[in-house]
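Asks: TSV, C-alpha atoms, file upload-v7.tsv:
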```tsv
chain	number	residue	atom	x	y	z
X	1	MET	CA	-52.79	27.52	-62.67
X	2	SER	CA	-51.82	23.92	-63.40
X	3	ASP	CA	-52.74	21.34	-60.78
X	4	GLU	CA	-49.12	20.52	-60.03
X	5	ASN	CA	-48.55	24.07	-58.80
X	6	ARG	CA	-51.73	24.09	-56.77
X	7	LYS	CA	-51.13	23.27	-53.15
X	8	LYS	CA	-53.43	22.74	-50.20
X	9	PHE	CA	-52.97	25.59	-47.74
X	10	LEU	CA	-54.49	25.45	-44.26
X	11	TYR	CA	-54.60	28.61	-42.15
X	12	ILE	CA	-55.06	27.79	-38.47
X	13	ASN	CA	-56.68	30.58	-36.45
X	14	ARG	CA	-56.57	30.23	-32.66
X	15	LYS	CA	-56.91	33.77	-31.35
X	16	ALA	CA	-59.86	36.07	-30.78
X	17	PRO	CA	-59.95	39.23	-32.93
X	18	TYR	CA	-58.98	42.77	-31.78
X	19	GLY	CA	-56.86	41.83	-28.71
X	20	THR	CA	-53.92	41.04	-30.98
X	21	ILE	CA	-53.21	41.55	-34.68
X	22	TYR	CA	-53.14	37.82	-35.50
X	23	ALA	CA	-56.69	37.51	-36.85
X	24	LEU	CA	-56.41	40.49	-39.18
X	25	GLU	CA	-52.95	39.41	-40.40
X	26	SER	CA	-54.27	35.91	-41.07
X	27	LEU	CA	-57.04	37.34	-43.26
X	28	GLU	CA	-54.48	39.35	-45.24
X	29	VAL	CA	-52.37	36.26	-45.88
X	30	VAL	CA	-55.42	34.17	-46.76
X	31	LEU	CA	-56.34	36.66	-49.47
X	32	ILE	CA	-52.79	36.57	-50.85
X	33	GLY	CA	-52.90	32.76	-51.02
X	34	ALA	CA	-56.26	32.92	-52.77
X	35	ALA	CA	-54.88	35.40	-55.33
X	36	PHE	CA	-52.30	32.75	-56.29
X	37	GLU	CA	-55.13	30.26	-56.91
X	38	GLN	CA	-54.11	27.86	-54.17
X	39	ASP	CA	-56.51	25.39	-52.54
X	40	VAL	CA	-57.23	27.35	-49.37
X	41	SER	CA	-58.90	26.13	-46.19
X	42	LEU	CA	-59.29	27.96	-42.88
X	43	ALA	CA	-59.46	26.32	-39.46
X	44	PHE	CA	-60.94	28.01	-36.40
X	45	ILE	CA	-59.78	26.40	-33.15
X	46	ASP	CA	-59.80	27.59	-29.51
X	47	ASP	CA	-60.46	31.36	-29.22
X	48	GLY	CA	-60.19	31.57	-33.02
X	49	VAL	CA	-63.91	30.76	-33.20
X	50	TYR	CA	-64.53	34.27	-31.83
X	51	GLN	CA	-63.36	35.67	-35.20
X	52	LEU	CA	-66.62	34.38	-36.68
X	53	MET	CA	-69.00	35.82	-34.08
X	54	ALA	CA	-72.11	37.55	-35.40
X	55	ASN	CA	-72.86	41.16	-34.40
X	56	GLN	CA	-69.28	42.37	-33.91
X	57	GLU	CA	-69.46	46.08	-33.01
X	58	THR	CA	-66.03	47.70	-32.83
X	59	ALA	CA	-66.87	51.42	-32.81
X	60	GLY	CA	-66.53	51.50	-29.03
X	61	VAL	CA	-62.96	50.18	-29.09
X	62	GLY	CA	-61.94	52.39	-32.00
X	63	MET	CA	-60.85	49.55	-34.27
X	64	LYS	CA	-61.83	48.59	-37.79
X	65	ASN	CA	-64.48	45.87	-37.89
X	66	PHE	CA	-63.00	43.34	-40.28
X	67	SER	CA	-65.59	40.63	-39.66
X	68	LYS	CA	-67.35	41.47	-42.92
X	69	THR	CA	-64.25	40.27	-44.79
X	70	TYR	CA	-64.96	36.67	-43.79
X	71	ARG	CA	-68.31	36.90	-45.61
X	72	ALA	CA	-66.51	38.11	-48.77
X	73	LEU	CA	-64.05	35.18	-48.83
X	74	GLY	CA	-66.37	33.16	-51.08
X	75	ASP	CA	-65.75	35.66	-53.88
X	76	TYR	CA	-62.06	34.77	-53.64
X	77	GLU	CA	-62.71	31.02	-53.92
X	78	VAL	CA	-62.13	30.59	-50.18
X	79	ARG	CA	-65.08	28.38	-49.36
X	80	LYS	CA	-63.91	25.94	-46.69
X	81	LEU	CA	-63.99	27.41	-43.19
X	82	TYR	CA	-63.65	24.57	-40.69
X	83	VAL	CA	-64.95	25.33	-37.19
X	84	GLU	CA	-64.11	23.00	-34.31
X	85	LYS	CA	-67.22	21.96	-32.38
X	86	GLU	CA	-65.37	21.36	-29.09
X	87	SER	CA	-63.87	24.87	-29.22
X	88	LEU	CA	-67.37	26.36	-29.53
X	89	ALA	CA	-68.80	24.19	-26.75
X	90	GLU	CA	-65.94	24.93	-24.33
X	91	ARG	CA	-66.69	28.65	-24.73
X	92	GLY	CA	-70.43	28.33	-24.28
X	93	LEU	CA	-71.01	29.05	-27.96
X	94	THR	CA	-73.08	27.34	-30.63
X	95	ALA	CA	-73.23	27.60	-34.42
X	96	GLU	CA	-76.12	30.04	-34.00
X	97	ASN	CA	-73.75	32.58	-32.45
X	98	LEU	CA	-71.66	32.78	-35.63
X	99	MET	CA	-72.10	34.86	-38.77
X	100	PRO	CA	-73.81	33.08	-41.65
X	101	ILE	CA	-71.08	32.75	-44.30
X	102	VAL	CA	-71.99	31.53	-47.76
X	103	TYR	CA	-70.54	31.30	-51.25
X	104	GLU	CA	-72.21	31.24	-54.65
X	105	ASP	CA	-71.81	27.93	-56.48
X	106	GLU	CA	-71.28	28.76	-60.15
X	107	ASP	CA	-71.94	25.13	-61.07
X	108	GLU	CA	-75.45	25.28	-59.63
X	109	ASP	CA	-76.79	28.56	-61.00
X	110	TYR	CA	-74.99	30.56	-58.27
X	111	ALA	CA	-76.96	28.94	-55.48
X	112	GLU	CA	-75.79	30.12	-52.07
X	113	LYS	CA	-74.10	27.39	-50.04
X	114	PRO	CA	-72.64	27.47	-46.53
X	115	SER	CA	-68.86	27.97	-46.19
X	116	LEU	CA	-68.79	27.06	-42.50
X	117	ILE	CA	-68.04	23.37	-41.95
X	118	PHE	CA	-68.43	22.17	-38.37
X	119	VAL	CA	-66.05	19.37	-37.45
X	120	ASP	CA	-65.04	17.63	-34.26
X	121	ARG	CA	-61.50	17.58	-32.91
X	122	SER	CA	-60.57	14.25	-34.50
X	123	GLU	CA	-61.80	15.45	-37.88
X	124	MET	CA	-59.71	18.61	-37.47
X	125	ALA	CA	-56.64	16.46	-36.70
X	126	ALA	CA	-57.32	14.42	-39.85
X	127	LEU	CA	-57.69	17.61	-41.90
X	128	ILE	CA	-54.19	18.70	-40.86
X	129	GLN	CA	-52.82	15.43	-42.27
X	130	THR	CA	-54.18	16.23	-45.76
X	131	GLN	CA	-52.43	19.60	-46.19
X	132	ASP	CA	-49.30	20.65	-48.07
X	133	VAL	CA	-48.68	23.88	-46.16
X	134	ILE	CA	-49.92	25.01	-42.75
X	135	LEU	CA	-49.77	28.63	-41.61
X	136	SER	CA	-50.57	29.34	-37.97
X	137	PHE	CA	-51.99	32.50	-36.46
G	1	MET	CA	-44.93	10.78	-43.58
G	2	GLY	CA	-47.10	12.60	-41.06
G	3	THR	CA	-46.69	16.01	-39.49
G	4	LEU	CA	-44.03	17.74	-37.40
G	5	HIS	CA	-45.79	19.79	-34.72
G	6	THR	CA	-43.69	22.53	-33.16
G	7	ILE	CA	-44.79	24.05	-29.86
G	8	ASN	CA	-43.11	27.21	-28.59
G	9	LYS	CA	-45.32	28.16	-25.64
G	10	SER	CA	-45.22	26.90	-22.07
G	11	PRO	CA	-48.22	24.72	-21.12
G	12	PHE	CA	-48.43	26.86	-17.97
G	13	GLU	CA	-48.89	30.10	-19.92
G	14	ARG	CA	-51.60	29.22	-22.44
G	15	ASN	CA	-53.50	26.31	-23.96
G	16	SER	CA	-51.40	25.98	-27.13
G	17	PHE	CA	-49.58	22.90	-25.87
G	18	ALA	CA	-52.80	21.11	-24.89
G	19	THR	CA	-54.30	21.95	-28.29
G	20	CYS	CA	-51.15	20.65	-29.99
G	21	LEU	CA	-51.43	17.32	-28.16
G	22	ALA	CA	-55.13	17.13	-29.03
G	23	HIS	CA	-54.46	17.56	-32.76
G	24	ALA	CA	-51.34	15.42	-33.26
G	25	SER	CA	-52.12	12.13	-35.00
G	26	ALA	CA	-50.47	8.76	-34.38
G	27	GLY	CA	-47.06	8.66	-36.05
G	28	ASP	CA	-46.60	12.43	-35.89
G	29	VAL	CA	-43.61	14.11	-34.25
G	30	ILE	CA	-43.90	16.82	-31.58
G	31	LEU	CA	-40.94	19.15	-31.02
G	32	MET	CA	-40.75	21.53	-28.06
G	33	ILE	CA	-38.86	24.73	-28.80
G	34	GLU	CA	-38.38	28.10	-27.05
G	35	ASP	CA	-40.74	28.30	-24.01
G	36	GLY	CA	-42.31	25.03	-25.15
G	37	VAL	CA	-39.43	23.16	-23.49
G	38	VAL	CA	-40.93	24.10	-20.12
G	39	GLY	CA	-43.41	21.31	-20.86
G	40	ALA	CA	-40.62	18.72	-21.03
G	41	ARG	CA	-39.72	18.86	-17.35
G	42	LYS	CA	-40.00	15.66	-15.36
G	43	GLY	CA	-42.32	15.86	-12.36
G	44	SER	CA	-44.34	18.83	-13.56
G	45	SER	CA	-48.14	18.77	-13.47
G	46	PHE	CA	-48.07	18.70	-17.27
G	47	ALA	CA	-45.79	15.66	-17.49
G	48	PRO	CA	-48.59	13.03	-17.34
G	49	ALA	CA	-50.32	14.58	-20.37
G	50	LEU	CA	-47.07	14.57	-22.31
G	51	ALA	CA	-46.21	11.04	-21.19
G	52	ALA	CA	-49.59	9.82	-22.42
G	53	LYS	CA	-48.79	11.09	-25.90
G	54	LEU	CA	-45.48	9.20	-26.05
G	55	SER	CA	-47.30	5.98	-26.96
G	56	SER	CA	-48.48	7.41	-30.30
G	57	CYS	CA	-46.01	10.19	-31.15
G	58	ALA	CA	-42.25	10.71	-31.00
G	59	ILE	CA	-41.55	13.71	-28.78
G	60	TYR	CA	-38.44	15.89	-28.88
G	61	ALA	CA	-37.14	18.97	-27.09
G	62	LEU	CA	-34.58	21.40	-28.49
G	63	GLY	CA	-31.45	21.09	-26.35
G	64	PRO	CA	-30.22	24.69	-26.57
G	65	ASP	CA	-33.60	25.97	-25.38
G	66	LEU	CA	-33.51	23.59	-22.40
G	67	ALA	CA	-29.97	24.67	-21.53
G	68	ALA	CA	-30.88	28.34	-21.79
G	69	ARG	CA	-33.58	27.77	-19.18
G	70	GLY	CA	-31.29	25.97	-16.76
G	71	MET	CA	-32.53	22.47	-17.52
G	72	LYS	CA	-30.28	19.45	-17.92
G	73	PRO	CA	-31.00	16.30	-19.96
G	74	GLU	CA	-31.75	14.39	-16.76
G	75	ASP	CA	-34.48	16.91	-15.90
G	76	VAL	CA	-36.45	15.88	-18.97
G	77	LEU	CA	-39.36	13.43	-18.90
G	78	GLU	CA	-38.29	9.90	-19.74
G	79	GLY	CA	-38.96	9.08	-23.38
G	80	VAL	CA	-38.53	12.65	-24.60
G	81	LYS	CA	-35.55	12.86	-26.95
G	82	LEU	CA	-33.23	15.83	-27.30
G	83	VAL	CA	-32.19	17.38	-30.61
G	84	ASP	CA	-29.89	20.20	-31.60
G	85	TYR	CA	-30.63	22.70	-34.41
G	86	ALA	CA	-29.38	20.26	-37.07
G	87	GLY	CA	-31.71	17.62	-35.64
G	88	PHE	CA	-34.56	20.15	-35.85
G	89	VAL	CA	-33.82	20.56	-39.57
G	90	ASP	CA	-33.73	16.79	-40.05
G	91	LEU	CA	-37.18	16.45	-38.46
G	92	THR	CA	-38.65	19.06	-40.81
G	93	THR	CA	-37.34	17.13	-43.82
G	94	GLU	CA	-38.59	13.76	-42.54
G	95	LYS	CA	-42.21	14.84	-42.21
G	96	ALA	CA	-44.62	15.92	-44.93
G	97	ARG	CA	-45.54	19.22	-43.29
G	98	VAL	CA	-44.85	21.40	-40.27
G	99	CYS	CA	-47.65	22.65	-38.04
G	100	ALA	CA	-46.65	25.41	-35.60
G	101	TRP	CA	-48.68	25.85	-32.42
G	102	LEU	CA	-48.24	29.41	-31.17
```
Just give me the structure of the file as structure tokens.
Replies:
Amino acid sequence: MSDENRKKFLYINRKAPYGTIYALESLEVVLIGAAFEQDVSLAFIDDGVYQLMANQETAGVGMKNFSKTYRALGDYEVRKLYVEKESLAERGLTAENLMPIVYEDEDEDYAEKPSLIFVDRSEMAALIQTQDVILSF
Amino acid sequence: MGTLHTINKSPFERNSFATCLAHASAGDVILMIEDGVVGARKGSSFAPALAAKLSSCAIYALGPDLAARGMKPEDVLEGVKLVDYAGFVDLTTEKARVCAWL
């Protein structure tokens, strides 16, 4: 796709998974945006950071565990997952509590590189200012 | 150009409004709609947080949503401007992007 048709899309995720359908719906829309070769970034703010928790076990609540989908996003050129540091800290979480999410860099012999980018609140605010389209979930 | 932030949840129901204020940059516009207009009321415990943001952002409330909830223009925090639906549309065209806080 030509650069002029390529827009910067930011998907803001602020809700924990499973309690509502927002997180799963966001993932669906993210994959659609990626299929149209847009410049996709994801933001995880407030309870949205819970979407990235390691060791999600959903058998007991009878729901599909979609957390593995986040680890497949790299294959769809979705490689920028911004996580807000203050949101983690407020919830007693650290980066170590989250799933390792990586992508393969085709320019460097498919070396695995981290997709999670940890930013503070002011950096997240600045990120919003660089986008063409923002979709909130 | 900056960003138009819309907020449609009461600050007394969830943290969306606080998160909106924390992520709005100087020169941005914040527009309260639907239950978000609850945050516009003068004298509420939320008013100081909203007033503090007035120095860096223009803040609006959607008039029809205020009226529907029994609030009059004089009930609104000083400095908060009222818009109708056409004004809402104007704000979306004046800013580079819209960011909805749910």
Asks: Could you give me, as a PyMOL selection string, the residues within 7 Å of range 83-85 of chain X, counting only C-alpha atoms and dropping anything in the same chain fewer than 6 positions from it?
Replies: chain X and resi 43-45+49+116-121+124
Asks: If you keep C-alpha atoms, can you produce a file of those selected residues as a PDB file, in the coordinates of the input?
Replies:
```
ATOM      1  CA  ALA X  43     -59.460  26.320 -39.460  1.00  0.00           C
ATOM      2  CA  PHE X  44     -60.940  28.010 -36.400  1.00  0.00           C
ATOM      3  CA  ILE X  45     -59.780  26.400 -33.150  1.00  0.00           C
ATOM      4  CA  VAL X  49     -63.910  30.760 -33.200  1.00  0.00           C
ATOM      5  CA  LEU X 116     -68.790  27.060 -42.500  1.00  0.00           C
ATOM      6  CA  ILE X 117     -68.040  23.370 -41.950  1.00  0.00           C
ATOM      7  CA  PHE X 118     -68.430  22.170 -38.370  1.00  0.00           C
ATOM      8  CA  VAL X 119     -66.050  19.370 -37.450  1.00  0.00           C
ATOM      9  CA  ASP X 120     -65.040  17.630 -34.260  1.00  0.00           C
ATOM     10  CA  ARG X 121     -61.500  17.580 -32.910  1.00  0.00           C
ATOM     11  CA  MET X 124     -59.710  18.610 -37.470  1.00  0.00           C
TER      12      MET X 124
END
```
Asks: Given the choices X:Leu24, X:Met53, X:Leu42, X:Met99, which gets closest to Val133 in chain X if the distance is worked out from all atoms listed in the file?
Replies: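 Counting all atoms listed in the file, the residue closest to Val133 in chain X is X:Leu42.
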Asks: Show me which bits of chain G are within 8 Å of chain X, counting only C-alpha atoms, as an NGL selection string.
Replies: :G and (2-3 or 19 or 22-25 or 96-102)
Asks: Write out as a list of chain:residue names each polymer residue whose atoms come within 12 Å of Val89 in chain G, counting all atoms listed in the file; drop sequence neighbours fewer than 5 positions from it.
Replies: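 Answer for this query is G:Leu4, G:Thr6, G:Leu31, G:Leu62, G:Val83, G:Asp84, G:Glu94, G:Lys95, G:Val98.
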Asks: Using only C-alpha atoms, which of X:Val30, X:Val78, X:Ala35, X:Val40 sits nearest Asp105 in chain X?
Replies: X:Val78
Asks: Quick one: pull the distance between CA of Leu88 in chain X and CA of Ala34 in chain X, Å, one decimal.
Replies: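 Answer for the CA of Leu88 in chain X to CA of Ala34 in chain X separation: 26.6 Å.
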Asks: Considering all atoms listed in the file, state which residue in the set G:Ala58, G:Glu78, G:Met71, G:Thr92 is at the smallest distance from Ile30 in chain G.
Replies: G:Ala58
Asks: Could you give me, as a PyMOL selection string, the residues within 12 Å of Glu74 in chain G, counting only C-alpha atoms and dropping anything in the same chain fewer than 4 positions from it?
Replies: chain G and resi 40-43+63+66-67+70+78-82
Asks: What is the distance between CA of Leu31 in chain X and CA of Ala95 in chain X, in Å to one decimal?
Replies: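 Answer for the CA of Leu31 in chain X to CA of Ala95 in chain X separation: 24.4 Å.
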Asks: Counting only C-alpha atoms, find residues at most 8 Å from (-39.6, 22.3, -23.5) (file frame) and give them as a list in words.
Replies: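 Output of the proximity query reads Asn8, Ser10, Met32, Ile33, Glu34, Asp35, Gly36, Val37, Val38, Gly39, Ala40, Arg41, Ala61, Leu62, Asp65 and Leu66 of chain G.
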Asks: Given the choices G:Pro11, G:Gly87, G:Gly27, G:Pro73, which gets closest to Ser55 in chain G if the distance is worked out from all atoms listed in the file?
Replies: G:Gly27
Asks: Have a look at X:Thr94, X:Asn5, X:Gln51, X:Thr69 and name the one nearest to Gly19 in chain X; count only C-alpha atoms.
Replies: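 Once distances to Gly19 in chain X are computed over only C-alpha atoms, the minimum belongs to X:Gln51.
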Asks: Put a box with edges along x, y and z around all the listed atoms of range 11-24 of chain G, pad it by 5 Å on each side, then give me its centre and sizes in Å, one decimal, as lines of an AutoDock Vina configuration file.
Replies:
```
center_x = -51.7
center_y = 22.8
center_z = -25.6
size_x = 16.9
size_y = 24.7
size_z = 25.3
```
Asks: To one decimal place, how far is CA of Tyr103 in chain X from CA of Tyr70 in chain X in Å?
Replies: 10.8 Å
Asks: For Glu28 in chain X, which residue out of X:Glu104, X:Glu57, X:Gly74, X:Phe66 is the nearest one, using all atoms listed in the file?
Replies: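 When distances to Glu28 in chain X are compared using all atoms listed in the file, the smallest one comes from X:Phe66.
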